[in-house]
Every structure is written in C-alpha cells, then in structure tokens.
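Participant: Structure file final-v4.cif, mmCIF, C-alpha atoms, is pasted below:
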```
data_model
#
loop_
_atom_site.label_atom_id
_atom_site.label_comp_id
_atom_site.auth_asym_id
_atom_site.auth_seq_id
_atom_site.Cartn_x
_atom_site.Cartn_y
_atom_site.Cartn_z
CA MET A 1 42.01 -179.33 -56.59
CA LYS A 2 43.55 -175.88 -56.94
CA SER A 3 40.16 -174.15 -56.85
CA LEU A 4 39.17 -176.28 -53.85
CA ARG A 5 42.26 -174.96 -52.05
CA LYS A 6 41.27 -171.39 -52.95
CA ILE A 7 37.72 -171.93 -51.70
CA LEU A 8 39.13 -173.38 -48.49
CA GLY A 9 41.47 -170.38 -48.17
CA SER A 10 38.58 -167.95 -48.65
CA PHE A 11 36.51 -169.86 -46.10
CA ILE A 12 39.31 -169.67 -43.52
CA LEU A 13 39.74 -165.92 -44.15
CA LEU A 14 36.00 -165.39 -43.74
CA THR A 15 36.04 -167.38 -40.48
CA ILE A 16 38.87 -165.19 -39.14
CA ILE A 17 36.83 -162.05 -39.98
CA LEU A 18 33.79 -163.41 -38.16
CA VAL A 19 35.94 -164.30 -35.14
CA PHE A 20 37.28 -160.73 -35.15
CA ILE A 21 33.77 -159.27 -35.27
CA PHE A 22 32.22 -161.41 -32.56
CA SER A 23 35.10 -161.63 -30.09
CA HIS A 24 36.86 -158.29 -30.41
CA ASN A 25 36.67 -157.64 -26.64
CA PHE A 26 38.32 -160.97 -25.89
CA ILE A 27 41.04 -160.36 -28.51
CA GLY A 28 41.62 -156.87 -27.06
CA SER A 29 42.10 -158.12 -23.51
CA LEU A 30 44.31 -160.98 -24.75
CA LEU A 31 46.55 -158.51 -26.58
CA LYS A 32 46.78 -156.32 -23.46
CA ASN A 33 47.78 -159.30 -21.31
CA LEU A 34 50.42 -160.25 -23.88
CA LYS A 35 51.75 -156.70 -23.71
CA GLY A 36 52.03 -157.04 -19.92
CA VAL A 37 53.97 -160.28 -20.26
CA ALA A 38 56.26 -158.75 -22.90
CA ALA A 39 56.88 -155.76 -20.61
CA GLY A 40 57.84 -158.22 -17.84
CA PHE A 41 60.47 -159.79 -20.11
CA TRP A 42 62.01 -156.39 -20.69
CA GLY A 43 62.39 -155.73 -16.97
CA ARG A 44 59.37 -153.50 -16.46
CA CYS A 45 56.69 -154.53 -13.99
CA ILE A 46 53.73 -156.43 -15.38
CA ASN A 47 50.91 -153.91 -15.50
CA SER A 48 48.05 -156.30 -15.04
CA GLU A 49 44.49 -155.23 -14.34
CA ARG A 50 44.71 -156.71 -10.83
CA LEU A 51 47.70 -154.55 -10.00
CA GLN A 52 45.85 -151.55 -11.37
CA VAL A 53 42.80 -152.27 -9.20
CA LEU A 54 45.03 -152.50 -6.11
CA GLN A 55 46.81 -149.26 -6.95
CA VAL A 56 43.54 -147.41 -7.44
CA GLU A 57 42.18 -148.87 -4.20
CA ASN A 58 45.34 -147.74 -2.41
CA ASN A 59 44.89 -144.25 -3.84
CA ARG A 60 41.28 -144.14 -2.72
CA LEU A 61 42.13 -145.25 0.81
CA LYS A 62 44.88 -142.65 1.03
CA SER A 63 42.45 -139.94 -0.06
CA GLU A 64 39.86 -141.13 2.49
CA ILE A 65 42.44 -141.03 5.29
CA ALA A 66 43.44 -137.53 4.27
CA LEU A 67 39.82 -136.43 4.14
CA LEU A 68 38.90 -138.00 7.49
CA GLY A 69 41.29 -135.56 9.14
CA GLN A 70 39.36 -132.71 7.63
CA LYS A 71 35.93 -134.20 8.39
CA LYS A 72 34.81 -133.61 4.81
CA ASN A 73 34.02 -137.12 3.73
CA SER A 74 31.40 -136.66 1.07
CA VAL A 75 32.89 -139.17 -1.36
CA ASN A 76 31.02 -142.24 -0.13
CA SER A 77 27.62 -140.56 0.04
CA LEU A 78 27.39 -140.43 -3.78
CA ARG A 79 25.70 -143.02 -5.98
CA TYR A 80 27.61 -144.56 -8.89
CA LYS A 81 26.70 -146.62 -11.94
CA GLU A 82 29.25 -148.97 -13.43
CA ALA A 83 29.98 -148.66 -17.15
CA LEU A 84 32.12 -150.76 -19.46
CA VAL A 85 34.62 -149.09 -21.75
CA TYR A 86 33.71 -149.82 -25.36
CA SER A 87 36.56 -148.15 -27.07
CA ARG A 88 39.36 -145.59 -26.92
CA TYR A 89 39.98 -142.71 -29.32
CA PRO A 90 42.46 -144.28 -31.75
CA PHE A 91 44.46 -141.16 -32.69
CA ASN A 92 47.00 -139.25 -30.62
CA ASP A 93 45.56 -135.73 -30.40
CA ARG A 94 42.89 -136.50 -27.79
CA THR A 95 42.30 -139.01 -24.99
CA LYS A 96 38.69 -140.03 -24.85
CA LEU A 97 36.67 -143.15 -24.08
CA ILE A 98 33.33 -144.53 -25.14
CA ILE A 99 31.26 -146.12 -22.37
CA ASP A 100 28.20 -148.35 -22.65
CA LEU A 101 25.71 -146.01 -20.93
CA GLY A 102 23.71 -143.33 -22.72
CA LEU A 103 20.45 -141.40 -22.80
CA ASN A 104 18.46 -144.56 -22.16
CA GLN A 105 20.33 -145.00 -18.87
CA ASP A 106 19.81 -141.32 -17.88
CA MET A 107 23.32 -140.18 -18.72
CA LYS A 108 23.81 -136.43 -19.22
CA GLU A 109 26.61 -134.25 -20.54
CA GLY A 110 28.88 -133.01 -17.77
CA MET A 111 28.42 -136.00 -15.46
CA ALA A 112 31.60 -136.90 -13.57
CA VAL A 113 33.25 -140.22 -14.34
CA ALA A 114 35.34 -141.97 -11.69
CA LEU A 115 37.78 -144.85 -11.88
CA ALA A 116 36.82 -146.01 -8.37
CA PRO A 117 34.67 -144.31 -5.70
CA GLY A 118 36.39 -141.00 -5.00
CA VAL A 119 38.95 -141.22 -7.84
CA LEU A 120 38.14 -138.76 -10.65
CA LEU A 121 38.87 -139.85 -14.22
CA GLY A 122 36.86 -137.55 -16.51
CA LYS A 123 33.48 -136.23 -17.59
CA ILE A 124 30.83 -137.10 -20.13
CA ILE A 125 30.96 -134.74 -23.11
CA LYS A 126 28.57 -136.35 -25.62
CA VAL A 127 25.64 -138.70 -25.12
CA LYS A 128 23.87 -141.01 -27.57
CA ASN A 129 21.07 -143.48 -26.87
CA ASN A 130 23.23 -146.25 -25.45
CA GLN A 131 26.75 -144.81 -25.48
CA SER A 132 28.54 -141.75 -24.12
CA GLU A 133 31.83 -140.10 -24.90
CA VAL A 134 34.08 -139.38 -21.92
CA MET A 135 36.89 -136.80 -21.87
CA THR A 136 39.58 -137.93 -19.44
CA LEU A 137 42.16 -135.93 -17.55
CA PHE A 138 44.72 -137.27 -20.04
CA ASP A 139 43.12 -135.14 -22.77
CA PRO A 140 45.15 -132.01 -23.68
CA GLU A 141 42.00 -129.88 -23.36
CA TRP A 142 41.33 -130.86 -19.73
CA ARG A 143 41.54 -127.99 -17.20
CA SER A 144 40.36 -128.12 -13.57
CA SER A 145 41.10 -126.54 -10.21
CA VAL A 146 42.76 -128.71 -7.62
CA ASN A 147 44.02 -128.62 -4.05
CA ILE A 148 47.36 -130.12 -3.12
CA GLY A 149 47.76 -132.02 0.14
CA SER A 150 46.21 -131.44 3.54
CA SER A 151 47.35 -127.80 3.50
CA ARG A 152 45.02 -127.36 0.48
CA ILE A 153 47.29 -125.36 -1.79
CA LYS A 154 45.46 -124.30 -4.93
CA ALA A 155 46.73 -125.17 -8.42
CA LEU A 156 45.50 -125.71 -11.97
CA LEU A 157 45.47 -129.19 -13.46
CA LYS A 158 46.32 -129.18 -17.17
CA GLY A 159 45.50 -132.46 -18.91
CA GLY A 160 47.67 -134.36 -21.35
CA LYS A 161 49.45 -137.67 -21.81
CA GLU A 162 51.37 -136.54 -18.71
CA PRO A 163 49.04 -134.23 -16.74
CA ARG A 164 50.69 -131.14 -15.21
CA LEU A 165 49.98 -128.98 -12.18
CA GLU A 166 50.50 -125.28 -12.79
CA PHE A 167 50.27 -122.03 -10.80
CA ILE A 168 51.55 -123.55 -7.56
CA PRO A 169 52.63 -120.63 -5.33
CA GLN A 170 56.38 -120.32 -4.84
CA ASP A 171 56.26 -119.64 -1.09
CA VAL A 172 54.46 -122.81 0.08
CA GLN A 173 56.12 -125.82 1.67
CA LEU A 174 55.52 -129.12 -0.14
CA SER A 175 57.22 -132.44 0.53
CA GLY A 176 56.72 -133.59 -3.05
CA ASP A 177 54.34 -136.55 -2.74
CA GLU A 178 51.10 -134.92 -1.57
CA GLU A 179 47.69 -136.14 -2.71
CA VAL A 180 45.93 -133.94 -5.29
CA PHE A 181 42.15 -133.36 -4.85
CA ASN A 182 39.52 -131.83 -7.04
CA VAL A 183 38.00 -128.47 -6.08
CA SER A 184 36.50 -127.65 -9.47
CA PRO A 185 32.72 -127.12 -9.02
CA GLU A 186 31.98 -129.29 -12.08
CA PHE A 187 32.98 -132.41 -10.14
CA PRO A 188 32.43 -133.76 -6.62
CA MET A 189 34.58 -132.01 -4.03
CA ASN A 190 37.74 -133.76 -2.83
CA PHE A 191 37.79 -136.51 -5.45
CA SER A 192 41.35 -137.75 -5.72
CA LEU A 193 43.28 -137.19 -8.96
CA GLY A 194 46.73 -138.54 -8.13
CA ASN A 195 49.88 -137.41 -6.37
CA LEU A 196 52.27 -134.54 -6.77
CA SER A 197 55.68 -135.32 -8.26
CA GLY A 198 58.59 -133.54 -9.94
CA LEU A 199 57.95 -130.16 -8.34
CA SER A 200 59.91 -127.40 -10.12
CA ASN A 201 62.18 -125.22 -8.02
CA VAL A 202 63.20 -122.10 -9.92
CA PRO A 203 63.72 -119.33 -7.30
CA TYR A 204 63.04 -116.26 -9.50
CA GLU A 205 59.72 -117.51 -10.94
CA ILE A 206 56.38 -116.56 -9.35
CA TRP A 207 54.72 -119.93 -9.89
CA ARG A 208 55.94 -123.48 -9.65
CA THR A 209 54.86 -126.43 -11.78
CA ALA A 210 54.74 -130.17 -11.07
CA ASP A 211 53.71 -133.46 -12.64
CA LEU A 212 50.63 -135.33 -11.56
CA LYS A 213 51.68 -138.88 -10.72
CA ILE A 214 48.91 -141.34 -11.62
CA ASN A 215 48.91 -144.76 -10.01
CA TYR A 216 47.18 -146.57 -12.87
CA ASN A 217 47.65 -147.14 -16.56
CA PRO A 218 44.92 -145.32 -18.53
CA GLU A 219 45.50 -147.62 -21.52
CA ILE A 220 44.02 -150.64 -19.72
CA ILE A 221 40.91 -149.16 -18.13
CA GLU A 222 38.03 -151.58 -18.72
CA LYS A 223 35.38 -150.27 -16.29
CA VAL A 224 34.47 -146.84 -14.94
CA LEU A 225 31.87 -145.42 -12.54
CA VAL A 226 29.52 -142.62 -13.50
CA VAL A 227 28.53 -140.35 -10.59
CA LEU A 228 24.74 -140.26 -10.69
CA ASP A 229 23.54 -137.74 -8.12
CA PHE A 230 26.01 -134.89 -8.36
CA LEU A 231 24.70 -132.71 -11.23
CA MET B 232 40.68 -164.87 -61.08
CA PHE B 233 37.49 -164.22 -59.10
CA LEU B 234 38.80 -166.20 -56.11
CA LYS B 235 42.17 -164.44 -56.26
CA THR B 236 40.43 -161.06 -56.18
CA LEU B 237 38.15 -162.28 -53.37
CA ASN B 238 41.21 -163.35 -51.38
CA ILE B 239 42.83 -159.92 -51.84
CA PHE B 240 39.64 -158.21 -50.63
CA LEU B 241 39.26 -160.59 -47.67
CA GLY B 242 42.95 -160.08 -46.87
CA ILE B 243 42.41 -156.31 -46.78
CA ILE B 244 39.43 -156.76 -44.44
CA ILE B 245 41.49 -158.93 -42.05
CA ILE B 246 44.44 -156.53 -42.13
CA GLY B 247 41.97 -153.65 -41.58
CA PHE B 248 40.43 -155.33 -38.53
CA SER B 249 43.87 -156.23 -37.12
CA ALA B 250 45.13 -152.65 -37.65
CA PHE B 251 42.03 -151.21 -35.97
CA PHE B 252 42.30 -153.48 -32.92
CA LEU B 253 46.03 -152.93 -32.53
CA GLN B 254 45.46 -149.19 -32.64
CA GLU B 255 42.32 -149.08 -30.51
CA THR B 256 43.72 -151.27 -27.73
CA GLY B 257 46.90 -149.17 -27.58
CA ILE B 258 49.01 -152.33 -27.59
CA LEU B 259 51.73 -150.68 -29.68
CA ALA B 260 51.68 -147.43 -27.68
CA ILE B 261 55.06 -146.10 -26.52
CA TYR B 262 54.77 -143.33 -23.90
CA GLY B 263 51.12 -143.01 -24.88
CA ILE B 264 51.86 -142.51 -28.60
CA ASN B 265 50.15 -144.95 -30.96
CA PRO B 266 51.27 -145.58 -34.54
CA ASN B 267 48.51 -144.67 -37.00
CA LEU B 268 47.92 -148.02 -38.72
CA ILE B 269 44.64 -146.69 -40.15
CA LEU B 270 46.86 -144.37 -42.23
CA ILE B 271 49.78 -146.74 -42.91
CA ILE B 272 47.72 -149.66 -44.32
CA PRO B 273 45.93 -147.64 -47.08
CA LEU B 274 49.26 -145.97 -47.95
CA LEU B 275 50.83 -149.41 -48.41
CA VAL B 276 47.87 -150.36 -50.63
CA ILE B 277 48.52 -147.20 -52.71
CA PHE B 278 52.19 -148.03 -53.31
CA PHE B 279 52.03 -151.84 -53.59
CA GLN B 280 48.80 -152.33 -55.53
CA GLN B 281 48.48 -148.98 -57.35
CA ASN B 282 44.80 -149.75 -57.78
CA PHE B 283 42.29 -147.07 -56.84
CA TYR B 284 39.47 -149.57 -56.31
CA LEU B 285 41.53 -151.55 -53.79
CA LEU B 286 42.43 -148.33 -51.99
CA PHE B 287 38.78 -147.29 -52.00
CA PHE B 288 37.81 -150.72 -50.66
CA SER B 289 40.36 -150.54 -47.82
CA LEU B 290 39.03 -147.09 -46.88
CA ILE B 291 35.44 -148.38 -46.95
CA THR B 292 36.56 -151.26 -44.70
CA PHE B 293 37.79 -148.79 -42.08
CA ILE B 294 34.55 -146.79 -42.33
CA LEU B 295 32.53 -149.97 -41.70
CA ILE B 296 34.75 -150.93 -38.75
CA PHE B 297 34.34 -147.45 -37.23
CA PHE B 298 30.61 -147.62 -37.92
CA MET B 299 30.41 -150.94 -36.05
CA PHE B 300 32.56 -150.06 -33.06
CA ILE B 301 33.15 -146.32 -32.61
CA LEU B 302 30.47 -144.27 -34.29
CA PHE B 303 31.46 -141.17 -32.29
CA TRP B 304 34.72 -140.66 -34.16
CA LEU B 305 33.55 -141.27 -37.72
CA PRO B 306 34.15 -137.59 -38.73
CA ALA B 307 37.84 -137.91 -37.73
CA LEU B 308 38.12 -141.01 -39.92
CA PHE B 309 36.46 -139.22 -42.87
CA ILE B 310 39.04 -136.43 -42.60
CA LEU B 311 41.91 -138.92 -42.51
CA GLU B 312 40.54 -140.87 -45.46
CA GLY B 313 39.90 -137.66 -47.42
CA LEU B 314 43.57 -136.76 -46.97
CA ILE B 315 44.64 -140.24 -48.13
CA ILE B 316 42.54 -139.87 -51.32
CA ILE B 317 44.00 -136.39 -51.93
CA PHE B 318 47.48 -137.87 -51.49
CA TYR B 319 46.67 -140.65 -54.00
CA PHE B 320 46.28 -138.02 -56.74
CA PHE B 321 48.96 -135.72 -55.34
CA LYS B 322 51.69 -138.43 -55.34
CA LYS B 323 52.02 -138.27 -59.13
CA ILE B 324 53.88 -134.96 -58.80
CA LEU B 325 56.27 -136.25 -56.12
CA THR B 326 59.79 -137.70 -56.57
CA GLY B 327 58.79 -140.97 -58.24
CA ASN B 328 60.79 -143.00 -55.70
CA LYS B 329 58.15 -145.12 -54.00
CA LEU B 330 59.82 -145.33 -50.61
CA ILE B 331 60.51 -141.58 -50.40
CA ASP B 332 56.98 -140.78 -51.59
CA PHE B 333 55.56 -143.19 -48.98
CA SER B 334 57.52 -141.36 -46.25
CA ILE B 335 56.36 -137.97 -47.59
CA GLY B 336 52.79 -139.32 -47.49
CA ILE B 337 53.11 -140.28 -43.82
CA ILE B 338 54.55 -136.87 -42.87
CA PHE B 339 52.09 -134.83 -44.98
CA ILE B 340 48.96 -136.70 -43.92
CA THR B 341 49.84 -136.90 -40.19
CA ILE B 342 50.56 -133.15 -39.93
CA SER B 343 47.52 -132.17 -42.05
CA PHE B 344 45.21 -134.50 -40.11
CA TYR B 345 46.07 -133.11 -36.67
CA PHE B 346 46.07 -129.55 -38.00
CA ILE B 347 42.57 -129.92 -39.48
CA MET B 348 41.31 -131.74 -36.35
CA ALA B 349 42.63 -128.89 -34.16
CA ILE B 350 40.92 -126.25 -36.34
CA LEU B 351 37.59 -128.11 -36.46
CA GLY B 352 37.70 -129.05 -32.78
CA GLY B 353 38.69 -125.51 -31.74
CA TYR B 354 41.69 -126.61 -29.71
CA ASN B 355 45.44 -125.99 -29.90
CA PHE B 356 47.47 -127.82 -32.52
CA LEU B 357 49.98 -129.83 -30.49
CA ILE B 358 53.09 -130.24 -32.59
CA TRP B 359 55.06 -132.65 -30.35
CA PRO B 360 52.57 -135.56 -30.30
CA ALA B 361 52.28 -135.15 -34.09
CA ILE B 362 56.08 -135.25 -34.55
CA ALA B 363 56.42 -138.24 -32.21
CA GLU B 364 53.68 -140.02 -34.17
CA ILE B 365 55.39 -139.21 -37.50
CA PHE B 366 58.59 -140.91 -36.32
CA TYR B 367 56.67 -143.89 -35.00
CA ASN B 368 54.58 -144.11 -38.19
CA LEU B 369 57.75 -143.99 -40.30
CA ILE B 370 59.38 -146.80 -38.29
CA VAL B 371 56.28 -149.04 -38.39
CA GLY B 372 55.57 -148.10 -42.03
CA LEU B 373 59.10 -148.96 -43.16
CA ILE B 374 59.09 -152.26 -41.24
CA LEU B 375 55.80 -153.19 -42.94
CA TRP B 376 57.11 -151.93 -46.30
CA PHE B 377 60.21 -154.16 -46.23
CA SER B 378 58.28 -157.14 -44.82
CA LEU B 379 55.67 -156.82 -47.55
CA SER B 380 58.38 -156.49 -50.25
CA LYS B 381 60.03 -159.72 -49.02
CA ILE B 382 56.71 -161.59 -48.91
CA LEU B 383 55.72 -160.44 -52.41
CA ASN B 384 59.18 -161.32 -53.82
CA PHE B 385 58.90 -164.78 -52.25
CA TYR B 386 55.50 -165.42 -53.86
CA GLU B 387 56.63 -164.06 -57.24
CA LYS B 388 59.61 -166.44 -57.26
CA LYS B 389 57.38 -169.31 -56.24
CA THR B 390 54.92 -168.70 -59.07
#
```
Take the structure I supplied and represent it as structure tokens, if you would.

Facilitator:
Amino acid sequence: MKSLRKILGSFILLTIILVFIFSHNFIGSLLKNLKGVAAGFWGRCINSERLQVLQVENNRLKSEIALLGQKKNSVNSLRYKEALVYSRYPFNDRTKLIIDLGLNQDMKEGMAVALAPGVLLGKIIKVKNNQSEVMTLFDPEWRSSVNIGSSRIKALLKGGKEPRLEFIPQDVQLSGDEEVFNVSPEFPMNFSLGNLSGLSNVPYEIWRTADLKINYNPEIIEKVLVVLDFL
Amino acid sequence: MFLKTLNIFLGIIIIGFSAFFLQETGILAIYGINPNLILIIPLLVIFFQQNFYLLFFSLITFILIFFMFILFWLPALFILEGLIIIFYFFKKILTGNKLIDFSIGIIFITISFYFIMAILGGYNFLIWPAIAEIFYNLIVGLILWFSLSKILNFYEKKT
C-alpha cells in the first residue's frame, strides 16, 4: 500500500513535469495575468496586454500626427513580419529577447525590431536557423541618436531598465512631454521611442538629461514586428 | 529507497522548472530586477542536502531547461553553475554557520557572475543592478530557507 502511494506520488510528479514542458507558454501568460490582478489589489493599475496594445497604438498615432506636420511619413511604407517572443534573458545585466524567426525566415543581424508599426523596440544581434536574439532599448548597452519633439532637438538615447536621454542642449525650449523619434541611421527614420519626461534643469551645466517615458511594460511583450525592407 | 530517491530527483526537476519560469516570465520582478532563482535553488540544495550528486543533478536540470527553451544564453548559465560548483568546495573554509555561509554564497556568486559576464561580453560592470539583485536574492533566499526548514522539521516529526 505504501509503495503504491509512492508510485502514485512519482506518477503525479512526472505528470506535473510533462505539463510544464508542453504548456510553458500558457503557464507563463497565466502567471503574468495573475501578477496584473495582484497589482490591482495593491492599488496599481492592471497592466494587461490589452491596455498595453492601446497604449502602444496611442503612441503610434501621436507619432504619425507629429510626422504628418513635417510631411515625412515613411513609417507606413515599410514591410513588417510578426514574430512571437520565445523567451527573455533571465538575468539582470542585460535586456534581450528571443523571437521565433531566424535564418530560415531571412532574418539578418542588425534588422530593426518594432513593437507596433513605427514604434522602435530593438535590433536583431544574433541569428540562428529558427530563432533570433533581439537587443532592446532597455539593455544597458543600447545607444542611439534621437530627435525630441517637432523642433527636432538632437540627443543621445542611453538604454537601461530606465532609458535616459543625454546631451540635450541647455538653451532649447522644451515643454517636458515631447515625443522622441529615432534619427540613428541603423533604424528607420522617425520611428517613435517614447516621450520625454523628468527633464533636468541645472543652469551651470552645458547639457541637460531626461528620462524616456515608455507607454508599455517591456516585461509583458508577447509579439514584435521585424522590419523587413530597411537594411 | 529507490522511490524516495526518485521523488527527490523529480522534486528537484519540478522546482527547477518552476524557478526557471518564475524568473523567465519576470513575474517576481520589482522595478525590473528579478531574483536569481537559478542561483538560489542550487544553493539551498548545497546547504540542505549536502550531497554533491544532488547538486550536480539540479545543475544538470537547469542546463537541460536552458537547452530546451533558451539555447542562446547557455554560456551565461555555464558561468553561473561553474561559480556554484566553486562555492561548493569553497564553503568549507567559511564560518561554518549555514545561514551566514548561504548569504555569503549569494553575495559572492552574484557579484562574480555579473563581473565575469561584463568582462566576457566587453561591456561595463553595472554595480547597482547587481547590488539590488543581491538584496532581492537574500530576501527570497531567506524566505525559502525558513520555509524549507519548517517543512523539513514537520516531516521529521511526522516520521
């Protein structure tokens, strides 16, 4: 009887392992939803995927409106390929993703990766047959040139858990919530990156710094778009 | 005896999978900082089981999980596991107090891991994420330590 119980116990454990192996994506999304509900209990807004999609869409529309004024709308002329996010780098020193497209799907190193059309997220840095590694702008090694707002003030975007904008000239007028666009030649021109926030105001310094406000949670990204015809 | 050992091994596999998914999904992340469960679980095995084969098995489990899901970052895992094995032999010259040695292990391995990764990757060693992770690892590690102690005491009394 006792050994029967042990056999049963082992069988249940084995079943749990198999469930883990074959439904890890489902378990992952379930855990994320539970985290959103728990956050709601503690007074923070529920950061559901739907909310994230709406925020990104809002960001994209804002960037398109800003660009329409400048008659430089090249964002929608690009072709994209949707990719699913396999996995995230599990340690804290880097912020990278694995997507389900690779050499077999014509992926190349350096290709731009967007969260939505016109919203830059990162670039492909390594490619295998059916997977690619993506460095995001939340990686500490990320550096790119950006323009701030419709007056197109130049700055440097420094990646990290909280991306920063550096080398903003002291003498320019900024309201503090301007859209930030890419001008780095590695990526499509005028792709949106986020909004300016927390602009420093130290009178005797040559340059000002600011935070890049992102309207989505990078921890719950499930799908991305690879820009196909830019490189 | 065989079934008991099998259960311990299966238990390690389940805990390994759970730790990996909790870490990979970022469910426990606070301000973007994840606790390193892939480090904490083998350290708990070191101090609670004191059996090199079980430690080796838990490390192999993580290698297999990485091999199945995130092949790209296998070298990072090898470095982390190498440091855990070094610590297994190194702990004999520490204080002898299990809890203090466990905390030293978390601090030593976390700092060494990010330092080596920065050197090999050719990027700057960022001290603040490492320090934040050490604190988080210590909190999670100590919670697991005391929970595990209670569970083991309960089963010992029962048997």

Participant: Using all atoms listed in the file, find which residues of chain B lie within 7 Å of chain A and jot them down as a list in words.

Facilitator: Leu234, Asn238, Leu241, Ile245, Phe252, Gln254, Glu255, Thr256, Gly257, Ile258, Gly263, Ile264, Asn265, Asn267, Ile301, Tyr345 and Pro360 of chain B

Participant: Using all atoms listed in the file, pick whichever of B:Ile365, B:Leu285, B:Leu325, B:Leu330 has the shortest atom-to-atom distance to Phe377 in chain B.

Facilitator: B:Leu330

Participant: Report, in Å to a single decimal, how far apart CA of Asn355 in chain B and CA of Val226 in chain A are.

Facilitator: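 Straight-line distance from CA of Val226 in chain A to CA of Asn355 in chain B works out to 28.3 Å.
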
Participant: Using the chain letters and numbers from the file, give me the residues hit by the PyMOL selection byres ((chain A and resi 80) around 6), as an MDAnalysis selection string.

Facilitator: chainID A and resid 79 81 225:228

Participant: Convert the output of the PyMOL selection byres ((chain A and resi 134) around 6) on the shown file into explicit residues, formatted as number ranges by chain.

Facilitator: A: 96-97, 123-125, 133, 135

Participant: Evaluate the PyMOL selection byres ((chain A and resi 112-116) around 8) here and jot the selected residues down as a PDB file with C-alpha atoms, keeping the file's coordinate frame.

Facilitator:
```pdb
ATOM      1  CA  VAL A  56      43.540-147.410  -7.440  1.00  0.00           C
ATOM      2  CA  GLU A  57      42.180-148.870  -4.200  1.00  0.00           C
ATOM      3  CA  ARG A  60      41.280-144.140  -2.720  1.00  0.00           C
ATOM      4  CA  GLY A 110      28.880-133.010 -17.770  1.00  0.00           C
ATOM      5  CA  MET A 111      28.420-136.000 -15.460  1.00  0.00           C
ATOM      6  CA  PRO A 117      34.670-144.310  -5.700  1.00  0.00           C
ATOM      7  CA  GLY A 118      36.390-141.000  -5.000  1.00  0.00           C
ATOM      8  CA  VAL A 119      38.950-141.220  -7.840  1.00  0.00           C
ATOM      9  CA  LEU A 120      38.140-138.760 -10.650  1.00  0.00           C
ATOM     10  CA  LEU A 121      38.870-139.850 -14.220  1.00  0.00           C
ATOM     11  CA  GLY A 122      36.860-137.550 -16.510  1.00  0.00           C
ATOM     12  CA  LYS A 123      33.480-136.230 -17.590  1.00  0.00           C
ATOM     13  CA  ILE A 124      30.830-137.100 -20.130  1.00  0.00           C
ATOM     14  CA  VAL A 134      34.080-139.380 -21.920  1.00  0.00           C
ATOM     15  CA  GLU A 186      31.980-129.290 -12.080  1.00  0.00           C
ATOM     16  CA  PHE A 187      32.980-132.410 -10.140  1.00  0.00           C
ATOM     17  CA  PRO A 188      32.430-133.760  -6.620  1.00  0.00           C
ATOM     18  CA  LYS A 223      35.380-150.270 -16.290  1.00  0.00           C
ATOM     19  CA  VAL A 224      34.470-146.840 -14.940  1.00  0.00           C
ATOM     20  CA  LEU A 225      31.870-145.420 -12.540  1.00  0.00           C
ATOM     21  CA  VAL A 226      29.520-142.620 -13.500  1.00  0.00           C
ATOM     22  CA  VAL A 227      28.530-140.350 -10.590  1.00  0.00           C
ATOM     23  CA  PHE A 230      26.010-134.890  -8.360  1.00  0.00           C
TER      24      PHE A 230
END
```

Participant: Between CA of Lys381 in chain B and CA of Pro266 in chain B, what is the spacing in Å?

Facilitator: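 CA of Pro266 in chain B sits 22.1 Å away from CA of Lys381 in chain B.
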
Participant: In Å, with one decimal, what is the gap from CA of Phe297 in chain B to CA of Leu268 in chain B?

Facilitator: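 Atom-to-atom, CA of Phe297 in chain B to CA of Leu268 in chain B, that is 13.7 Å.
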
Participant: Write out as a tab-separated table (two decimals) with C-alpha atoms, in the frame of the given file which residues come within 12 Å of Ile338 in chain B when counting all atoms listed in the file, dropping same-chain ones fewer than 5 positions away.

Facilitator:
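Written out: result_5.tsv:
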```tsv
chain	number	residue	atom	x	y	z
B	267	ASN	CA	48.51	-144.67	-37.00
B	270	LEU	CA	46.86	-144.37	-42.23
B	271	ILE	CA	49.78	-146.74	-42.91
B	274	LEU	CA	49.26	-145.97	-47.95
B	314	LEU	CA	43.57	-136.76	-46.97
B	315	ILE	CA	44.64	-140.24	-48.13
B	318	PHE	CA	47.48	-137.87	-51.49
B	331	ILE	CA	60.51	-141.58	-50.40
B	332	ASP	CA	56.98	-140.78	-51.59
B	333	PHE	CA	55.56	-143.19	-48.98
B	343	SER	CA	47.52	-132.17	-42.05
B	344	PHE	CA	45.21	-134.50	-40.11
B	345	TYR	CA	46.07	-133.11	-36.67
B	361	ALA	CA	52.28	-135.15	-34.09
B	362	ILE	CA	56.08	-135.25	-34.55
B	363	ALA	CA	56.42	-138.24	-32.21
B	364	GLU	CA	53.68	-140.02	-34.17
B	365	ILE	CA	55.39	-139.21	-37.50
B	366	PHE	CA	58.59	-140.91	-36.32
B	367	TYR	CA	56.67	-143.89	-35.00
B	368	ASN	CA	54.58	-144.11	-38.19
B	369	LEU	CA	57.75	-143.99	-40.30
B	370	ILE	CA	59.38	-146.80	-38.29
B	372	GLY	CA	55.57	-148.10	-42.03
```

Participant: Can you sort out the box for range 164-167 of chain A, edges along x, y and z, all listed atoms in, 5 Å on every side, with centre and edge lengths in Å to one decimal, as JSON?

Facilitator:
```
{"center_x": 50.3, "center_y": -126.6, "center_z": -13.0, "size_x": 10.7, "size_y": 19.1, "size_z": 14.4}
```

Participant: Find the residue from A:Thr209, A:Asn59, A:Leu156, A:Asp100 that sits nearest to Phe300 in chain B; use all atoms listed in the file when measuring.

Facilitator: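 Smallest separation from Phe300 in chain B among the options: A:Asp100.
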